[in-house]
file protein_33.cif (mmCIF, C-alpha atoms)
data_upload
#
loop_
_atom_site.label_atom_id
_atom_site.label_comp_id
_atom_site.auth_asym_id
_atom_site.auth_seq_id
_atom_site.Cartn_x
_atom_site.Cartn_y
_atom_site.Cartn_z
CA SER A 118 -83.59 -21.30 -56.32
CA ALA A 119 -86.70 -22.75 -54.74
CA LEU A 120 -84.99 -26.12 -54.64
CA THR A 121 -81.98 -24.93 -52.62
CA GLY A 122 -83.78 -24.37 -49.30
CA PRO A 123 -85.37 -27.84 -48.97
CA LEU A 124 -82.19 -29.51 -50.17
CA MET A 125 -80.09 -27.62 -47.63
CA ALA A 126 -82.46 -28.61 -44.82
CA MET A 127 -82.29 -32.22 -45.95
CA ALA A 128 -78.49 -32.17 -46.24
CA GLN A 129 -78.07 -30.67 -42.78
CA SER A 130 -80.25 -33.39 -41.26
CA MET A 131 -78.05 -36.00 -42.93
CA GLY A 132 -75.00 -35.22 -40.75
CA ALA A 133 -75.41 -38.16 -38.38
CA THR A 134 -76.52 -40.46 -41.19
CA MET A 135 -73.49 -39.61 -43.31
CA PHE A 136 -71.19 -40.15 -40.34
CA GLY A 137 -72.82 -43.55 -39.84
CA MET A 138 -72.35 -44.38 -43.50
CA GLN A 139 -68.70 -43.37 -43.24
CA PHE A 140 -68.32 -45.68 -40.25
CA GLY A 141 -69.98 -48.53 -42.13
CA GLN A 142 -67.70 -48.11 -45.13
CA ALA A 143 -64.65 -48.13 -42.86
CA LEU A 144 -65.85 -51.32 -41.17
CA GLY A 145 -66.47 -52.94 -44.54
CA THR A 146 -62.90 -52.28 -45.67
CA MET A 147 -61.51 -53.32 -42.31
CA ALA A 148 -63.30 -56.68 -42.44
CA THR A 149 -60.99 -57.87 -45.21
CA GLU A 150 -57.81 -56.93 -43.29
CA VAL A 151 -58.21 -57.50 -39.55
CA LEU A 152 -56.39 -60.54 -38.23
CA SER A 153 -58.27 -60.92 -34.96
CA SER A 154 -61.16 -59.49 -32.97
CA THR A 155 -58.90 -56.90 -31.29
CA ASP A 156 -56.67 -56.00 -34.23
CA ILE A 157 -57.89 -52.39 -34.32
CA GLY A 158 -57.12 -51.84 -30.65
CA ILE A 159 -60.62 -52.31 -29.29
CA PRO A 160 -62.54 -55.60 -29.00
CA LEU A 161 -65.12 -56.27 -31.69
CA THR A 162 -66.86 -58.85 -29.48
CA SER A 163 -68.17 -58.61 -25.93
CA ASP A 164 -67.52 -62.14 -24.64
CA SER A 165 -63.71 -61.79 -24.16
CA HIS A 166 -63.16 -64.94 -26.18
CA PRO A 167 -60.09 -64.74 -28.46
CA MET A 168 -60.85 -65.01 -32.15
CA LEU A 169 -58.68 -65.08 -35.25
CA VAL A 170 -59.89 -64.31 -38.77
CA ALA A 171 -58.23 -67.32 -40.41
CA THR A 172 -58.78 -66.19 -44.01
CA ASN A 173 -57.12 -62.85 -43.36
CA VAL A 174 -54.27 -64.42 -41.38
CA ASP A 175 -53.61 -66.83 -44.26
CA VAL A 176 -53.39 -63.95 -46.74
CA PHE A 177 -51.19 -61.99 -44.34
CA ALA A 178 -48.87 -64.97 -43.79
CA ARG A 179 -48.49 -65.62 -47.51
CA GLY A 180 -47.14 -62.12 -47.93
CA LEU A 181 -44.29 -62.79 -45.49
CA ALA A 182 -41.16 -64.85 -45.94
CA LEU A 183 -41.83 -66.49 -42.57
CA ASP A 184 -43.21 -69.77 -41.32
CA ALA A 185 -47.02 -69.64 -41.39
CA ASN A 186 -47.26 -71.43 -38.05
CA ASP A 187 -45.08 -68.77 -36.45
CA VAL A 188 -47.35 -66.08 -37.87
CA TYR A 189 -50.41 -67.78 -36.39
CA VAL A 190 -48.70 -68.12 -32.99
CA TYR A 191 -47.66 -64.46 -32.97
CA VAL A 192 -51.09 -63.19 -34.04
CA ALA A 193 -52.73 -65.45 -31.43
CA LEU A 194 -50.45 -64.07 -28.72
CA ARG A 195 -51.35 -60.52 -29.68
CA GLU A 196 -55.03 -61.41 -29.56
CA LEU A 197 -54.66 -63.04 -26.13
CA ALA A 198 -52.73 -60.04 -24.80
CA HIS A 199 -55.42 -57.65 -26.01
CA GLN A 200 -58.18 -59.77 -24.49
CA ARG A 201 -56.26 -60.03 -21.21
CA LEU A 202 -55.90 -56.26 -21.08
CA PHE A 203 -59.56 -55.55 -21.79
CA ALA A 204 -60.63 -58.13 -19.20
CA HIS A 205 -58.27 -56.55 -16.65
CA ALA A 206 -59.46 -53.01 -17.49
CA PRO A 207 -63.17 -53.32 -18.38
CA TRP A 208 -63.46 -49.53 -18.58
CA LEU A 209 -60.93 -49.31 -21.41
CA SER A 210 -63.05 -50.09 -24.46
CA SER A 211 -65.78 -47.73 -23.24
CA GLN A 212 -63.17 -44.96 -22.91
CA VAL A 213 -62.08 -45.48 -26.51
CA LEU A 214 -65.67 -45.44 -27.71
CA ALA A 215 -66.39 -42.38 -25.54
CA ALA A 216 -63.55 -40.49 -27.24
CA ILE A 217 -65.05 -41.36 -30.63
CA SER A 218 -68.48 -40.22 -29.42
CA ASP A 219 -67.06 -36.94 -28.10
CA TYR A 220 -65.55 -36.30 -31.51
CA ALA A 221 -68.70 -37.30 -33.40
CA ARG A 222 -70.81 -35.03 -31.20
CA GLY A 223 -68.94 -32.03 -32.59
CA VAL A 224 -69.33 -32.99 -36.24
CA ARG A 225 -71.05 -30.23 -38.19
CA VAL A 226 -72.16 -29.91 -41.77
CA ASP A 227 -70.49 -27.08 -43.73
CA ASN A 228 -73.50 -24.95 -44.68
CA THR A 229 -71.47 -22.78 -47.06
CA ARG A 230 -70.27 -25.83 -48.97
CA ILE A 231 -73.81 -27.21 -49.10
CA GLN A 232 -75.12 -23.97 -50.52
CA GLU A 233 -72.37 -23.90 -53.14
CA ALA A 234 -73.03 -27.52 -54.05
CA MET A 235 -76.79 -27.07 -54.30
CA SER A 236 -76.44 -23.98 -56.49
CA GLN A 237 -74.54 -26.04 -59.04
CA ILE A 238 -77.03 -28.91 -59.27
CA ASP A 239 -78.47 -29.60 -62.69
CA PRO A 240 -82.16 -30.50 -62.17
CA ASN A 241 -82.06 -32.56 -65.37
CA ASP A 242 -79.22 -34.77 -64.09
CA PRO A 243 -80.54 -37.54 -61.76
CA ASN A 244 -77.04 -38.17 -60.39
CA ALA A 245 -76.28 -34.52 -59.65
CA LEU A 246 -77.68 -34.61 -56.09
CA ASN A 247 -75.75 -37.75 -55.15
CA GLU A 248 -72.55 -36.26 -56.51
CA ALA A 249 -73.10 -33.01 -54.62
CA LEU A 250 -73.75 -34.79 -51.33
CA GLY A 251 -70.91 -37.21 -51.89
CA GLY A 252 -68.21 -34.61 -51.26
CA ASN A 253 -66.72 -33.47 -47.98
CA LEU A 254 -69.59 -31.63 -46.33
CA PHE A 255 -68.07 -31.78 -42.86
CA GLU A 256 -66.19 -28.82 -41.50
CA ALA A 257 -62.45 -29.06 -42.04
CA THR A 258 -61.71 -27.36 -38.73
CA GLN A 259 -62.06 -29.10 -35.37
CA THR A 260 -63.41 -27.70 -32.15
CA PRO A 261 -61.14 -27.73 -29.07
CA GLU A 262 -63.33 -30.52 -27.67
CA GLN A 263 -62.81 -32.60 -30.79
CA THR A 264 -59.07 -32.03 -30.74
CA ALA A 265 -58.95 -33.13 -27.10
CA ALA A 266 -61.01 -36.23 -27.93
CA LEU A 267 -58.61 -37.18 -30.75
CA THR A 268 -55.61 -36.72 -28.46
CA ARG A 269 -57.19 -38.98 -25.83
CA LEU A 270 -57.99 -41.56 -28.49
CA GLU A 271 -54.48 -41.52 -29.97
CA VAL A 272 -52.82 -41.88 -26.55
CA LEU A 273 -55.14 -44.72 -25.51
CA LEU A 274 -54.54 -46.64 -28.74
CA ALA A 275 -50.78 -46.07 -28.45
CA LEU A 276 -50.76 -47.28 -24.82
CA ILE A 277 -52.73 -50.38 -25.78
CA GLU A 278 -50.44 -51.18 -28.71
CA GLY A 279 -47.29 -50.50 -26.69
CA TRP A 280 -48.40 -52.72 -23.82
CA VAL A 281 -49.38 -55.56 -26.13
CA THR A 282 -46.02 -55.33 -27.92
CA ILE A 283 -44.08 -55.55 -24.65
CA VAL A 284 -46.14 -58.45 -23.32
CA VAL A 285 -45.84 -60.45 -26.54
CA THR A 286 -42.10 -59.72 -26.78
CA GLN A 287 -41.63 -61.05 -23.25
CA ALA A 288 -43.79 -64.10 -23.94
CA THR A 289 -41.89 -65.04 -27.09
CA GLY A 290 -38.40 -64.36 -25.76
CA GLY A 291 -36.20 -67.28 -26.81
CA ARG A 292 -39.23 -69.38 -27.77
CA LEU A 293 -40.18 -68.07 -31.21
CA PRO A 294 -37.16 -67.51 -33.50
CA THR A 295 -39.11 -65.26 -35.86
CA ALA A 296 -40.58 -63.06 -33.08
CA ASP A 297 -38.26 -60.13 -33.78
CA ALA A 298 -39.07 -60.22 -37.49
CA LEU A 299 -42.80 -60.39 -36.76
CA GLU A 300 -42.60 -57.50 -34.32
CA GLU A 301 -40.88 -55.42 -36.99
CA THR A 302 -43.52 -56.51 -39.51
CA PHE A 303 -46.31 -55.25 -37.26
CA ARG A 304 -44.41 -52.03 -36.61
CA ARG A 305 -44.16 -51.39 -40.34
CA ARG A 306 -47.78 -52.39 -40.82
CA ARG A 307 -48.85 -49.70 -38.37
CA ALA A 308 -46.50 -47.10 -39.87
CA ALA A 309 -47.78 -47.82 -43.36
CA GLY A 310 -51.38 -47.56 -42.21
CA GLY A 311 -52.91 -50.86 -41.13
CA PRO A 312 -56.59 -51.51 -40.35
CA THR A 313 -56.43 -49.46 -37.14
CA GLU A 314 -54.93 -46.42 -38.78
CA ARG A 315 -57.22 -46.53 -41.79
CA LEU A 316 -60.34 -47.04 -39.69
CA PHE A 317 -59.74 -44.08 -37.42
CA ALA A 318 -58.29 -41.90 -40.16
CA GLY A 319 -61.39 -42.41 -42.29
CA LEU A 320 -63.78 -42.21 -39.35
CA VAL A 321 -62.55 -39.22 -37.35
CA GLY A 322 -59.49 -37.97 -39.21
CA LEU A 323 -57.16 -39.38 -36.54
CA GLU A 324 -53.55 -39.96 -37.54
CA ILE A 325 -51.86 -42.31 -35.08
CA HIS A 326 -48.24 -41.22 -35.09
CA PRO A 327 -45.75 -44.11 -34.97
CA ARG A 328 -43.76 -41.98 -32.55
CA ARG A 329 -46.58 -42.19 -30.03
CA ILE A 330 -46.51 -45.98 -30.16
CA ARG A 331 -42.72 -46.05 -29.79
CA GLU A 332 -42.97 -43.77 -26.76
CA ALA A 333 -45.69 -45.90 -25.18
CA THR A 334 -43.75 -49.11 -25.81
CA ALA A 335 -40.60 -47.60 -24.31
CA LEU A 336 -42.53 -46.43 -21.24
CA TRP A 337 -44.07 -49.84 -20.55
CA LYS A 338 -40.66 -51.43 -21.01
CA ARG A 339 -39.05 -48.96 -18.60
CA ILE A 340 -41.70 -49.58 -15.96
CA GLY A 341 -41.06 -53.31 -16.26
CA GLU A 342 -37.34 -52.77 -15.82
CA ILE A 343 -37.61 -50.78 -12.59
CA SER A 344 -40.75 -52.30 -11.10
CA SER A 345 -42.84 -55.46 -11.23
CA ILE A 346 -45.33 -56.74 -13.78
CA ASP A 347 -48.13 -56.35 -11.23
CA LYS A 348 -47.30 -52.70 -10.57
CA ARG A 349 -46.97 -52.05 -14.29
CA ASP A 350 -50.36 -53.57 -15.01
CA ASN A 351 -52.02 -51.89 -12.03
CA LEU A 352 -51.70 -48.62 -13.94
CA TRP A 353 -54.60 -49.96 -16.03
CA SER A 354 -56.82 -50.17 -12.94
CA HIS A 355 -58.13 -46.62 -13.43
CA PRO A 356 -57.96 -44.16 -16.36
CA ASP A 357 -56.50 -41.44 -14.13
CA LEU A 358 -53.40 -43.57 -13.50
CA LEU A 359 -52.51 -43.94 -17.16
CA PRO A 360 -49.87 -41.76 -18.82
CA ARG A 361 -51.11 -38.73 -20.75
CA ALA A 362 -49.72 -37.33 -23.99
CA GLU A 363 -47.14 -35.21 -22.17
CA ASP A 364 -46.13 -38.19 -20.03
CA LEU A 365 -45.20 -40.20 -23.11
CA GLU A 366 -42.83 -37.42 -24.08
CA ASN A 367 -41.25 -37.33 -20.60
CA ALA A 368 -41.36 -40.89 -19.33
CA GLU A 369 -38.88 -40.47 -16.48
CA GLN A 370 -40.86 -37.58 -15.03
CA PHE A 371 -44.03 -39.64 -15.17
CA LEU A 372 -42.32 -42.51 -13.37
CA MET A 373 -41.14 -40.16 -10.67
CA GLU A 374 -44.57 -38.62 -10.13
CA SER A 375 -46.91 -41.56 -10.72
CA ASN A 376 -46.53 -43.20 -7.30
CA TYR A 377 -44.10 -43.61 -4.43
CA ASP A 378 -43.19 -47.23 -5.17
CA LEU A 379 -42.14 -46.50 -8.75
CA MET A 380 -40.31 -43.37 -7.67
CA THR A 381 -38.39 -45.28 -5.00
CA GLU A 382 -37.45 -48.08 -7.35
CA LEU A 383 -36.42 -45.65 -10.08
CA SER A 384 -34.21 -43.78 -7.61
CA ARG A 385 -32.63 -47.05 -6.55
CA ALA A 386 -32.06 -48.01 -10.18
CA ILE A 387 -30.43 -44.66 -10.92
CA GLU A 388 -28.33 -44.91 -7.75
CA GLN A 389 -27.27 -48.45 -8.56
CA GLY A 390 -26.38 -47.36 -12.08
CA SER A 391 -24.21 -44.59 -10.65
CA HIS A 392 -22.47 -47.05 -8.32
CA ASP A 393 -21.88 -49.46 -11.20
CA GLU A 394 -20.49 -46.68 -13.37
CA GLN A 395 -18.28 -45.45 -10.52
CA GLY A 396 -17.01 -48.99 -9.93
CA SER A 397 -16.25 -49.32 -13.62
CA HIS A 398 -14.23 -46.10 -13.56
CA GLU A 399 -12.33 -47.26 -10.46
CA GLU A 400 -11.43 -50.53 -12.17
CA LYS A 401 -10.15 -48.59 -15.18
CA ASP A 402 -8.13 -46.29 -12.88
CA ASP A 403 -6.58 -49.31 -11.20
#
call {"tool": "encode", "arguments": {"input": "protein_33.cif", "output": "structure tokens"}}
result
Amino acid sequence: SALTGPLMAMAQSMGATMFGMQFGQALGTMATEVLSSTDIGIPLTSDSHPMLVATNVDVFARGLALDANDVYVYVALRELAHQRLFAHAPWLSSQVLAAISDYARGVRVDNTRIQEAMSQIDPNDPNALNEALGGNLFEATQTPEQTAALTRLEVLLALIEGWVTIVVTQATGGRLPTADALEETFRRRRAAGGPTERLFAGLVGLEIHPRRIREATALWKRIGEISSIDKRDNLWSHPDLLPRAEDLENAEQFLMESNYDLMTELSRAIEQGSHDEQGSHEEKDD
């Protein structure tokens, strides 16, 4: 019809606007759930000052059979760890946002779907246009560039979460009796789809696999076991030093190849383990 052409042109020009609206809706939902300014894995403020959302923490604490003060301490430690990381690696938040931008740049409106939707509009129904444009007009398929951007984003968010988990676990060791229970609570929160998962799932269709976070956490823990905290954290000094997706799946290989110091210390650890095992066998033989 004569109406279809102008409507299609208008709908196609709405791609960026609709993506922005989608982002705004995700932020609106997230605002009622985030516990701190870094709860989604990237800082929501630029001054590096830690911030808790007390109302949301209160609601979160009431849903747990744990001491509310312990919950506040644990959430505050996670916030401080995040802020420490972003202060130490100022490039990190921009890398996360760059991955989102790279994905958004490839967003396209599905012209076929628009044409189908417009052909079914009832001119006598004032809500028909809104309903037609309210569906999924974005292409279901992703370009290789978008897929690569989502992989980078998932790995970065997993590395951030894994590092924060290790740091907070070390900080609370023997000092906060409910730390293990709270760590498990946050693990389940992520697996069930917390604010981070829902934001990025709704925004760019990213599913953050719990396995990725487990792999990242295990890698940071392993580095701490065979090296020093300084050497572990120096991996955040440049994006090229960080593990990639394939490195999370083969942590020992990454440790061997990342730098000479880690490789030497890993070899020593393996050698010492062999000596200990050999000594244990000799004691049994005796």
call {"tool": "resolve_selection", "arguments": {"input": "protein_33.cif", "expression": "the PyMOL selection byres ((chain A and resi 354) around 12)", "output": "PyMOL selection string"}}
result
chain A and resi 202-209+347-353+355-359
call {"tool": "closest_residue", "arguments": {"input": "protein_33.cif", "among": "A:Gly279, A:Pro327, A:Pro160, A:Gly180", "to": "Ser211 in chain A", "atoms": "all atoms listed in the file"}}
result
A:Pro160
call {"tool": "residues_near_point", "arguments": {"input": "protein_33.cif", "point": "(-53.3, -58.4, -39.1)", "cutoff": "12 Å", "atoms": "only C-alpha atoms", "output": "ChimeraX atom specification"}}
result
/A:147-158,169-178,180-181,188-189,191-193,195-196,299-300,302-307,310-313
call {"tool": "residues_around", "arguments": {"input": "protein_33.cif", "residues": "Leu197 in chain A", "least_positions_apart": "6", "cutoff": "9 Å", "atoms": "only C-alpha atoms", "output": "PyMOL selection string"}}
result
chain A and resi 166-168
call {"tool": "closest_residue", "arguments": {"input": "protein_33.cif", "among": "A:Glu262, A:Asp187, A:Glu374, A:Asp242", "to": "Asp219 in chain A", "atoms": "all atoms listed in the file"}}
result
A:Glu262
call {"tool": "residues_near_point", "arguments": {"input": "protein_33.cif", "point": "(-51.9, -49.8, -29.4)", "cutoff": "9 Å", "atoms": "all atoms listed in the file", "output": "list in words"}}
result
Ile157, Gly158, Glu271, Val272, Leu273, Leu274, Ala275, Leu276, Ile277, Glu278, Gly279, Trp280, Val281, Thr282, Thr313, Ile330, Ala333 and Thr334 of chain A
call {"tool": "write_last_selection", "arguments": {"input": "protein_33.cif", "atoms": "C-alpha atoms", "output": "PDB file, in the coordinates of the input"}}
result
ATOM      1  CA  ILE A 157     -57.890 -52.390 -34.320  1.00  0.00           C
ATOM      2  CA  GLY A 158     -57.120 -51.840 -30.650  1.00  0.00           C
ATOM      3  CA  GLU A 271     -54.480 -41.520 -29.970  1.00  0.00           C
ATOM      4  CA  VAL A 272     -52.820 -41.880 -26.550  1.00  0.00           C
ATOM      5  CA  LEU A 273     -55.140 -44.720 -25.510  1.00  0.00           C
ATOM      6  CA  LEU A 274     -54.540 -46.640 -28.740  1.00  0.00           C
ATOM      7  CA  ALA A 275     -50.780 -46.070 -28.450  1.00  0.00           C
ATOM      8  CA  LEU A 276     -50.760 -47.280 -24.820  1.00  0.00           C
ATOM      9  CA  ILE A 277     -52.730 -50.380 -25.780  1.00  0.00           C
ATOM     10  CA  GLU A 278     -50.440 -51.180 -28.710  1.00  0.00           C
ATOM     11  CA  GLY A 279     -47.290 -50.500 -26.690  1.00  0.00           C
ATOM     12  CA  TRP A 280     -48.400 -52.720 -23.820  1.00  0.00           C
ATOM     13  CA  VAL A 281     -49.380 -55.560 -26.130  1.00  0.00           C
ATOM     14  CA  THR A 282     -46.020 -55.330 -27.920  1.00  0.00           C
ATOM     15  CA  THR A 313     -56.430 -49.460 -37.140  1.00  0.00           C
ATOM     16  CA  ILE A 330     -46.510 -45.980 -30.160  1.00  0.00           C
ATOM     17  CA  ALA A 333     -45.690 -45.900 -25.180  1.00  0.00           C
ATOM     18  CA  THR A 334     -43.750 -49.110 -25.810  1.00  0.00           C
TER      19      THR A 334
END
call {"tool": "atom_distance", "arguments": {"input": "protein_33.cif", "atom1": "CA of Leu214 in chain A", "atom2": "CA of Ile159 in chain A"}}
result
8.7 Å
call {"tool": "atom_distance", "arguments": {"input": "protein_33.cif", "atom1": "CA of Ala308 in chain A", "atom2": "CA of Ala265 in chain A"}}
result
22.7 Å
call {"tool": "residues_around", "arguments": {"input": "protein_33.cif", "residues": "Ile217 in chain A", "least_positions_apart": "3", "cutoff": "9 Å", "atoms": "only C-alpha atoms", "output": "PyMOL selection string"}}
result
chain A and resi 212-214+220-222+266-267+270+320-321
call {"tool": "closest_residue", "arguments": {"input": "protein_33.cif", "among": "A:Asp297, A:Arg269, A:Gly145, A:Arg331", "to": "Ala215 in chain A", "atoms": "all atoms listed in the file"}}
result
A:Arg269
